[in-house]
Structures are given as C-alpha cells and as structure tokens.
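Let me begin by presenting the structure, written as structure tokens, before commenting on it.
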Amino acid sequence: MALDSAPINLTHHFLIAMPGLDDVAFARSVIYMCEHSDRGALGLIINKPSDINLQGLFDKVELPLRRGDLSDSPVFQGGPVQTERGFVLHECMLAGSESVYASTMTIPGGLEMTTSKDVLEALSSGAGPRKVFVSLGYSAWGEGQLESEISDNSWLTVEADLALIFDTPVDQRYDKALLLLGLQSWMLSPEAGHA
C-alpha cells in the first residue's frame with residue numbers, strides 16, 4: 001500500500017540552491033517564495049543584483065525618486081521569466097482588508113508583491129513602503145516541477161526571515177540563509193545523493 005505524501009506549501013520560505021545546481025540563473029541563489037500551490041510556484045531571487053540601481057530604474061520609467069534611502073539600492077534579477085517586468089516586494093500596506101496598490105499579491109508572513117506602477121509612483125513622491133525589494137523578472141515552476149527538483153536535491157528549504165531580504169548585505173545572503181538551517185556551504189557536497 002503506497003502512502004501519498006502530504007502536499008508541501010513553501011509560500012514565505014526560502015529556496016537555497018544546492019552546490020550541484022549549475023544552472024547559471026540559479027547557481028548559489030536564494031529565492032523568496034511568494035506563492036506555492038498545487039498549480040505551481042513563483043518566487044524572486046534575492047541575492048543576484050543587476051547592473052542597475054533604483055535611481056537608474058526610476059530614471060528609465062521617467063519618475064523622480066524622492067527617497068534618498070533607496071536610490072543606491074540594487075534592482076535584482078528576480079529570475080529568468082519576464083525579465084523586462086518589475087516586481088516590488090514590500091511590507092503590507094493595507095487599507096482595511098485591501099492592499100493600497102492595484103496589482104498586489106498578499107503573502108502570508110507580512111509581505112506583499114506588487115507589479116503595478118502605483119507603488120513606484122508612491123516611492124517617487126517620497127512615500128510608499130518603508131522597506132522595498134525590487135526585481136526585474138521572476139522564477140516560476142509548473143505543477144509538480146518544484147517538488148521534483150527538491151526531491152532531486154537541487155534545493156534546500158527553510159522558513160523565510162525578512163531581515164535576510166531587507167537588512168542583510170547581498171553578498172552574505174546565501175551563507176546567512178544556510179545558517180538558518182544550521183549549515184555552512186563547506187558542509188554541502190556538490191554531488192546529489194539519495195538515501
């Protein structure tokens with residue numbers, strides 16, 4: 001008699017790439033999972049900055065950036081899907097039970113992901129969310145694909161720590177994510193194994 005394993009939900013978790021994952025888009029990446037269901041998964045790589053900062057992004061979309069605290073912040077490569085589209089991860093900005101921004105996904109764990117320009121307009125005026133993470137592109141998996149990659153030892157998973165996204169220097173995010181599991185990179189073998 002075969003036992004069906006309970007479905008996993010990795011929303012508000014980090015995926016941490018194992019050393020053997022040599023796909024250039026995902027090698028040594030830490031991905032914040034915005035959504036995971038039986039239909040698939042969506043996340044943003046939080047440790048791969050692009051060559052543009054927020055000031056440069058705002059210049060491109062022809063908006064002033066009246067938030068000096070953000071102007072030098074990097075724009076990240078969130079993943080290989082829709083790399084021309086912006087995604088803003090930020091603290092919840094609710095008006096009643098609705099987000100204050102148009103195209104927003106509320107993520108259990110205290111964050112929202114907004115894809116509409118109104119969040120940039122709020123930042124442009126000097127307002128908007130206090131802490132933001134901006135990426136171009138996202139990472140996605142079809143039905144069962146992520147579960148298969150996890151069973152093939154491509155990823156480690158751990159509940160997300162928001163300080164890692166907003167307060168940890170980019171070059172330390174991979175190692176700090178591993179520390180959430182009590183691991184260091186030297187402990188991991190690049191060779192996949194199965195018990």
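Ordering of the structure tokens sets the chain letters (A, B, ...), residue numbers begin anew at 1 in every chain, and ligands are numbered from 1 in the order given.
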
Closest atom pairs, residues of segment 31-71 of chain A within 12 Å of segment 108-124 of chain A, only C-alpha atoms, as a tab-separated table:
```
residue	atom	partner	partner_atom	distance
A:Tyr32	CA	A:Leu111	CA	10.9
A:Met33	CA	A:Pro108	CA	10.6
A:Cys34	CA	A:Met113	CA	7.5
A:Glu35	CA	A:Pro108	CA	9.3
A:His36	CA	A:Pro108	CA	11.3
A:Leu42	CA	A:Met113	CA	11.0
A:Gly43	CA	A:Met113	CA	10.1
A:Leu44	CA	A:Met113	CA	9.9
A:Leu54	CA	A:Leu120	CA	10.1
A:Gln55	CA	A:Ser124	CA	10.1
A:Leu57	CA	A:Leu120	CA	9.9
A:Phe58	CA	A:Leu120	CA	8.0
A:Asp59	CA	A:Ser124	CA	10.6
A:Lys60	CA	A:Leu120	CA	11.9
A:Val61	CA	A:Leu120	CA	9.2
A:Glu62	CA	A:Ser124	CA	10.0
A:Leu63	CA	A:Ser124	CA	6.2
A:Pro64	CA	A:Ser124	CA	5.4
A:Leu65	CA	A:Ser124	CA	4.4
A:Arg66	CA	A:Ser124	CA	5.3
A:Arg67	CA	A:Leu123	CA	6.6
A:Gly68	CA	A:Leu123	CA	10.3
A:Asp69	CA	A:Leu123	CA	10.7
A:Leu70	CA	A:Leu123	CA	9.1
A:Ser71	CA	A:Leu123	CA	10.5
```

Identify, with DSSP run on backbone atoms, the residues in segment 10-134 of chain A assigned to strand (DSSP E or B), and express the list as a short mmCIF file (atom, residue, chain, number, x, y, z; two decimals) with N, CA and C atoms, in the first residue's frame.
```
data_model
loop_
_atom_site.label_atom_id
_atom_site.label_comp_id
_atom_site.auth_asym_id
_atom_site.auth_seq_id
_atom_site.Cartn_x
_atom_site.Cartn_y
_atom_site.Cartn_z
N HIS A 13 8.81 30.92 2.24
CA HIS A 13 10.02 30.16 2.54
C HIS A 13 11.13 30.61 1.60
N PHE A 14 12.35 30.25 1.95
CA PHE A 14 13.47 30.43 1.04
C PHE A 14 13.79 29.09 0.39
N LEU A 15 14.11 29.14 -0.90
CA LEU A 15 14.76 28.02 -1.57
C LEU A 15 16.23 28.39 -1.62
N ILE A 16 17.09 27.49 -1.23
CA ILE A 16 18.53 27.72 -1.25
C ILE A 16 19.14 26.71 -2.20
N ALA A 17 19.81 27.21 -3.23
CA ALA A 17 20.38 26.31 -4.25
C ALA A 17 21.48 25.45 -3.65
N VAL A 30 19.33 32.33 -3.63
CA VAL A 30 18.34 32.23 -2.56
C VAL A 30 17.07 32.85 -3.14
N ILE A 31 15.99 32.10 -3.11
CA ILE A 31 14.74 32.55 -3.71
C ILE A 31 13.68 32.68 -2.62
N TYR A 32 13.05 33.85 -2.57
CA TYR A 32 11.91 34.03 -1.66
C TYR A 32 10.67 33.57 -2.39
N MET A 33 9.96 32.62 -1.81
CA MET A 33 8.78 32.05 -2.44
C MET A 33 7.54 32.89 -2.11
N CYS A 34 6.99 33.52 -3.14
CA CYS A 34 5.80 34.37 -2.99
C CYS A 34 4.51 33.56 -3.03
N GLU A 35 4.55 32.45 -3.78
CA GLU A 35 3.35 31.64 -3.93
C GLU A 35 3.75 30.21 -4.27
N HIS A 36 3.08 29.25 -3.64
CA HIS A 36 3.30 27.84 -3.94
C HIS A 36 1.98 27.12 -3.71
N SER A 37 1.50 26.48 -4.75
CA SER A 37 0.25 25.73 -4.65
C SER A 37 0.38 24.48 -5.51
N GLY A 40 1.59 25.22 -9.09
CA GLY A 40 2.95 25.65 -9.39
C GLY A 40 3.47 26.60 -8.34
N ALA A 41 4.56 27.30 -8.68
CA ALA A 41 5.21 28.16 -7.69
C ALA A 41 5.81 29.38 -8.37
N LEU A 42 5.93 30.46 -7.59
CA LEU A 42 6.51 31.70 -8.07
C LEU A 42 7.36 32.30 -6.96
N GLY A 43 8.57 32.74 -7.32
CA GLY A 43 9.46 33.35 -6.33
C GLY A 43 10.40 34.35 -6.96
N LEU A 44 11.13 35.07 -6.10
CA LEU A 44 12.09 36.08 -6.53
C LEU A 44 13.46 35.77 -5.96
N ILE A 45 14.47 35.74 -6.83
CA ILE A 45 15.85 35.56 -6.36
C ILE A 45 16.25 36.82 -5.61
N PRO A 49 22.01 40.83 -7.69
CA PRO A 49 21.73 42.19 -8.15
C PRO A 49 22.02 42.34 -9.64
N SER A 50 21.25 43.19 -10.29
CA SER A 50 21.51 43.51 -11.69
C SER A 50 22.52 44.65 -11.73
N ASP A 51 22.78 45.19 -12.90
CA ASP A 51 23.74 46.28 -13.02
C ASP A 51 23.06 47.65 -12.93
N ILE A 52 21.81 47.69 -12.46
CA ILE A 52 21.09 48.96 -12.34
C ILE A 52 20.62 49.13 -10.88
N ASN A 53 20.65 50.37 -10.41
CA ASN A 53 20.12 50.64 -9.07
C ASN A 53 18.74 51.29 -9.20
N PRO A 74 20.19 48.18 -5.09
CA PRO A 74 20.20 47.48 -6.38
C PRO A 74 18.82 47.02 -6.79
N VAL A 75 18.62 46.93 -8.09
CA VAL A 75 17.47 46.22 -8.65
C VAL A 75 17.98 44.80 -8.91
N PHE A 76 17.23 43.81 -8.51
CA PHE A 76 17.68 42.42 -8.57
C PHE A 76 17.19 41.71 -9.81
N GLN A 77 17.89 40.64 -10.17
CA GLN A 77 17.46 39.72 -11.22
C GLN A 77 16.60 38.67 -10.52
N VAL A 81 12.11 34.62 -15.95
CA VAL A 81 10.81 34.81 -16.59
C VAL A 81 10.44 36.30 -16.57
N GLN A 82 10.00 36.83 -17.72
CA GLN A 82 9.56 38.22 -17.86
C GLN A 82 10.57 39.20 -17.28
N THR A 83 11.79 39.15 -17.78
CA THR A 83 12.88 39.95 -17.22
C THR A 83 12.73 41.44 -17.49
N GLU A 84 11.77 41.84 -18.28
CA GLU A 84 11.52 43.27 -18.52
C GLU A 84 10.45 43.82 -17.57
N ARG A 85 9.85 42.96 -16.78
CA ARG A 85 8.75 43.36 -15.90
C ARG A 85 9.24 43.51 -14.46
N GLY A 86 8.76 44.55 -13.78
CA GLY A 86 9.19 44.82 -12.41
C GLY A 86 8.28 44.19 -11.37
N PHE A 87 8.91 43.76 -10.28
CA PHE A 87 8.22 43.16 -9.14
C PHE A 87 8.75 43.84 -7.89
N VAL A 88 7.84 44.34 -7.06
CA VAL A 88 8.23 45.04 -5.84
C VAL A 88 7.71 44.25 -4.64
N LEU A 89 8.66 43.74 -3.85
CA LEU A 89 8.34 43.04 -2.62
C LEU A 89 8.43 44.07 -1.50
N HIS A 90 7.39 44.16 -0.68
CA HIS A 90 7.38 45.19 0.36
C HIS A 90 6.49 44.77 1.51
N GLU A 91 6.61 45.51 2.61
CA GLU A 91 5.77 45.25 3.77
C GLU A 91 4.31 45.52 3.40
N LEU A 94 -1.95 47.90 3.87
CA LEU A 94 -3.37 47.62 3.73
C LEU A 94 -4.23 48.82 4.09
N ALA A 95 -5.28 49.01 3.33
CA ALA A 95 -6.33 49.98 3.65
C ALA A 95 -7.57 49.14 3.93
N GLU A 98 -7.88 45.52 2.01
CA GLU A 98 -7.36 45.58 0.64
C GLU A 98 -5.99 46.25 0.62
N SER A 99 -5.15 45.81 -0.30
CA SER A 99 -3.88 46.49 -0.49
C SER A 99 -4.13 47.87 -1.08
N THR A 104 -1.53 43.59 -6.60
CA THR A 104 -0.76 43.16 -5.44
C THR A 104 -1.20 41.78 -4.98
N MET A 105 -0.22 40.95 -4.66
CA MET A 105 -0.45 39.64 -4.06
C MET A 105 -0.03 39.75 -2.60
N THR A 106 -0.95 39.43 -1.68
CA THR A 106 -0.60 39.41 -0.26
C THR A 106 -0.01 38.04 0.06
N ILE A 107 1.14 38.05 0.71
CA ILE A 107 1.86 36.82 1.02
C ILE A 107 1.77 36.59 2.52
N LEU A 111 4.26 40.22 3.96
CA LEU A 111 4.72 40.92 2.77
C LEU A 111 3.65 40.96 1.69
N GLU A 112 3.86 41.86 0.74
CA GLU A 112 3.07 41.92 -0.48
C GLU A 112 4.04 42.01 -1.65
N MET A 113 3.58 41.51 -2.81
CA MET A 113 4.33 41.68 -4.04
C MET A 113 3.44 42.45 -5.00
N THR A 114 3.94 43.60 -5.43
CA THR A 114 3.16 44.48 -6.31
C THR A 114 3.83 44.57 -7.67
N VAL A 132 11.65 48.07 0.72
CA VAL A 132 11.27 47.51 -0.58
C VAL A 132 12.42 46.69 -1.15
N PHE A 133 12.05 45.72 -1.94
CA PHE A 133 12.98 44.89 -2.71
C PHE A 133 12.41 44.90 -4.12
N VAL A 134 13.21 45.35 -5.09
CA VAL A 134 12.72 45.47 -6.47
C VAL A 134 13.51 44.52 -7.35
#
```

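Coordinates place atom CA of Gly126 of chain A at a distance of 24.0 Å from atom CA of Ile46 of chain A.
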
Checklist line | Separation of atom CA of His12 of chain A from atom CA of Glu159 of chain A in Å | finding: 6.4 Å

Item checked: Distance of atom CA of Asp175 of chain A from atom CA of Cys92 of chain A, expressed in Å to one decimal place ->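 These two atoms are separated by 27.0 Å.
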
Check: From the list A:Leu180, A:Lys48, A:Gly78, A:Pro19, which residue is nearest Leu136 of chain A when using only C-alpha atoms?
Finding: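 Nearest candidate to Leu136 of chain A out of A:Leu180, A:Lys48, A:Gly78, A:Pro19: A:Gly78.
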
With a distance cut-off of 12 Å and only C-alpha atoms, select the neighbouring residues of Glu149 of chain A, excluding the residue or stretch itself and same-chain residues fewer than 3 positions from it, and output the selection as a PDB file with N, CA and C atoms, in the first residue's frame.
```pdb
ATOM      1  N   LEU A  15      14.106  29.139  -0.904  1.00  0.00           N
ATOM      2  CA  LEU A  15      14.762  28.023  -1.573  1.00  0.00           C
ATOM      3  C   LEU A  15      16.234  28.392  -1.623  1.00  0.00           C
ATOM      4  N   ILE A  16      17.085  27.487  -1.233  1.00  0.00           N
ATOM      5  CA  ILE A  16      18.527  27.724  -1.246  1.00  0.00           C
ATOM      6  C   ILE A  16      19.140  26.709  -2.203  1.00  0.00           C
ATOM      7  N   ALA A  17      19.813  27.208  -3.228  1.00  0.00           N
ATOM      8  CA  ALA A  17      20.383  26.312  -4.246  1.00  0.00           C
ATOM      9  C   ALA A  17      21.484  25.447  -3.646  1.00  0.00           C
ATOM     10  N   MET A  18      21.424  24.174  -3.936  1.00  0.00           N
ATOM     11  CA  MET A  18      22.498  23.258  -3.537  1.00  0.00           C
ATOM     12  C   MET A  18      23.715  23.497  -4.444  1.00  0.00           C
ATOM     13  N   GLY A  20      25.444  21.618  -6.256  1.00  0.00           N
ATOM     14  CA  GLY A  20      25.417  20.898  -7.522  1.00  0.00           C
ATOM     15  C   GLY A  20      24.502  21.522  -8.569  1.00  0.00           C
ATOM     16  N   LEU A  21      23.710  22.524  -8.189  1.00  0.00           N
ATOM     17  CA  LEU A  21      22.809  23.186  -9.131  1.00  0.00           C
ATOM     18  C   LEU A  21      23.631  24.160  -9.961  1.00  0.00           C
ATOM     19  N   TRP A 141       7.735  27.775 -11.508  1.00  0.00           N
ATOM     20  CA  TRP A 141       7.725  26.332 -11.704  1.00  0.00           C
ATOM     21  C   TRP A 141       6.304  25.904 -12.006  1.00  0.00           C
ATOM     22  N   GLY A 142       6.156  24.968 -12.912  1.00  0.00           N
ATOM     23  CA  GLY A 142       4.849  24.413 -13.223  1.00  0.00           C
ATOM     24  C   GLY A 142       4.424  23.403 -12.178  1.00  0.00           C
ATOM     25  N   GLU A 143       3.251  22.847 -12.386  1.00  0.00           N
ATOM     26  CA  GLU A 143       2.695  21.874 -11.450  1.00  0.00           C
ATOM     27  C   GLU A 143       3.663  20.714 -11.204  1.00  0.00           C
ATOM     28  N   GLY A 144       4.027  20.500  -9.938  1.00  0.00           N
ATOM     29  CA  GLY A 144       4.900  19.393  -9.555  1.00  0.00           C
ATOM     30  C   GLY A 144       6.376  19.585  -9.861  1.00  0.00           C
ATOM     31  N   GLN A 145       6.741  20.607 -10.614  1.00  0.00           N
ATOM     32  CA  GLN A 145       8.132  20.790 -11.032  1.00  0.00           C
ATOM     33  C   GLN A 145       9.056  21.097  -9.844  1.00  0.00           C
ATOM     34  N   LEU A 146       8.643  22.012  -8.977  1.00  0.00           N
ATOM     35  CA  LEU A 146       9.484  22.358  -7.832  1.00  0.00           C
ATOM     36  C   LEU A 146       9.639  21.167  -6.897  1.00  0.00           C
ATOM     37  N   ASP A 152      15.123  15.872  -6.116  1.00  0.00           N
ATOM     38  CA  ASP A 152      16.402  15.619  -6.791  1.00  0.00           C
ATOM     39  C   ASP A 152      17.570  16.334  -6.108  1.00  0.00           C
ATOM     40  N   ASN A 153      17.331  16.879  -4.918  1.00  0.00           N
ATOM     41  CA  ASN A 153      18.366  17.556  -4.122  1.00  0.00           C
ATOM     42  C   ASN A 153      18.926  18.811  -4.781  1.00  0.00           C
ATOM     43  N   SER A 154      18.098  19.534  -5.531  1.00  0.00           N
ATOM     44  CA  SER A 154      18.543  20.800  -6.111  1.00  0.00           C
ATOM     45  C   SER A 154      18.392  21.954  -5.133  1.00  0.00           C
ATOM     46  N   TRP A 155      17.459  21.830  -4.192  1.00  0.00           N
ATOM     47  CA  TRP A 155      17.142  22.932  -3.289  1.00  0.00           C
ATOM     48  C   TRP A 155      17.028  22.473  -1.844  1.00  0.00           C
ATOM     49  N   LEU A 156      17.442  23.343  -0.939  1.00  0.00           N
ATOM     50  CA  LEU A 156      17.107  23.238   0.473  1.00  0.00           C
ATOM     51  C   LEU A 156      15.995  24.244   0.728  1.00  0.00           C
ATOM     52  N   THR A 157      15.181  24.007   1.735  1.00  0.00           N
ATOM     53  CA  THR A 157      14.100  24.943   2.046  1.00  0.00           C
ATOM     54  C   THR A 157      14.136  25.292   3.531  1.00  0.00           C
ATOM     55  N   ALA A 192      24.813  15.140  -5.779  1.00  0.00           N
ATOM     56  CA  ALA A 192      23.496  14.788  -5.263  1.00  0.00           C
ATOM     57  C   ALA A 192      23.511  13.334  -4.811  1.00  0.00           C
TER      58      ALA A 192
END
```
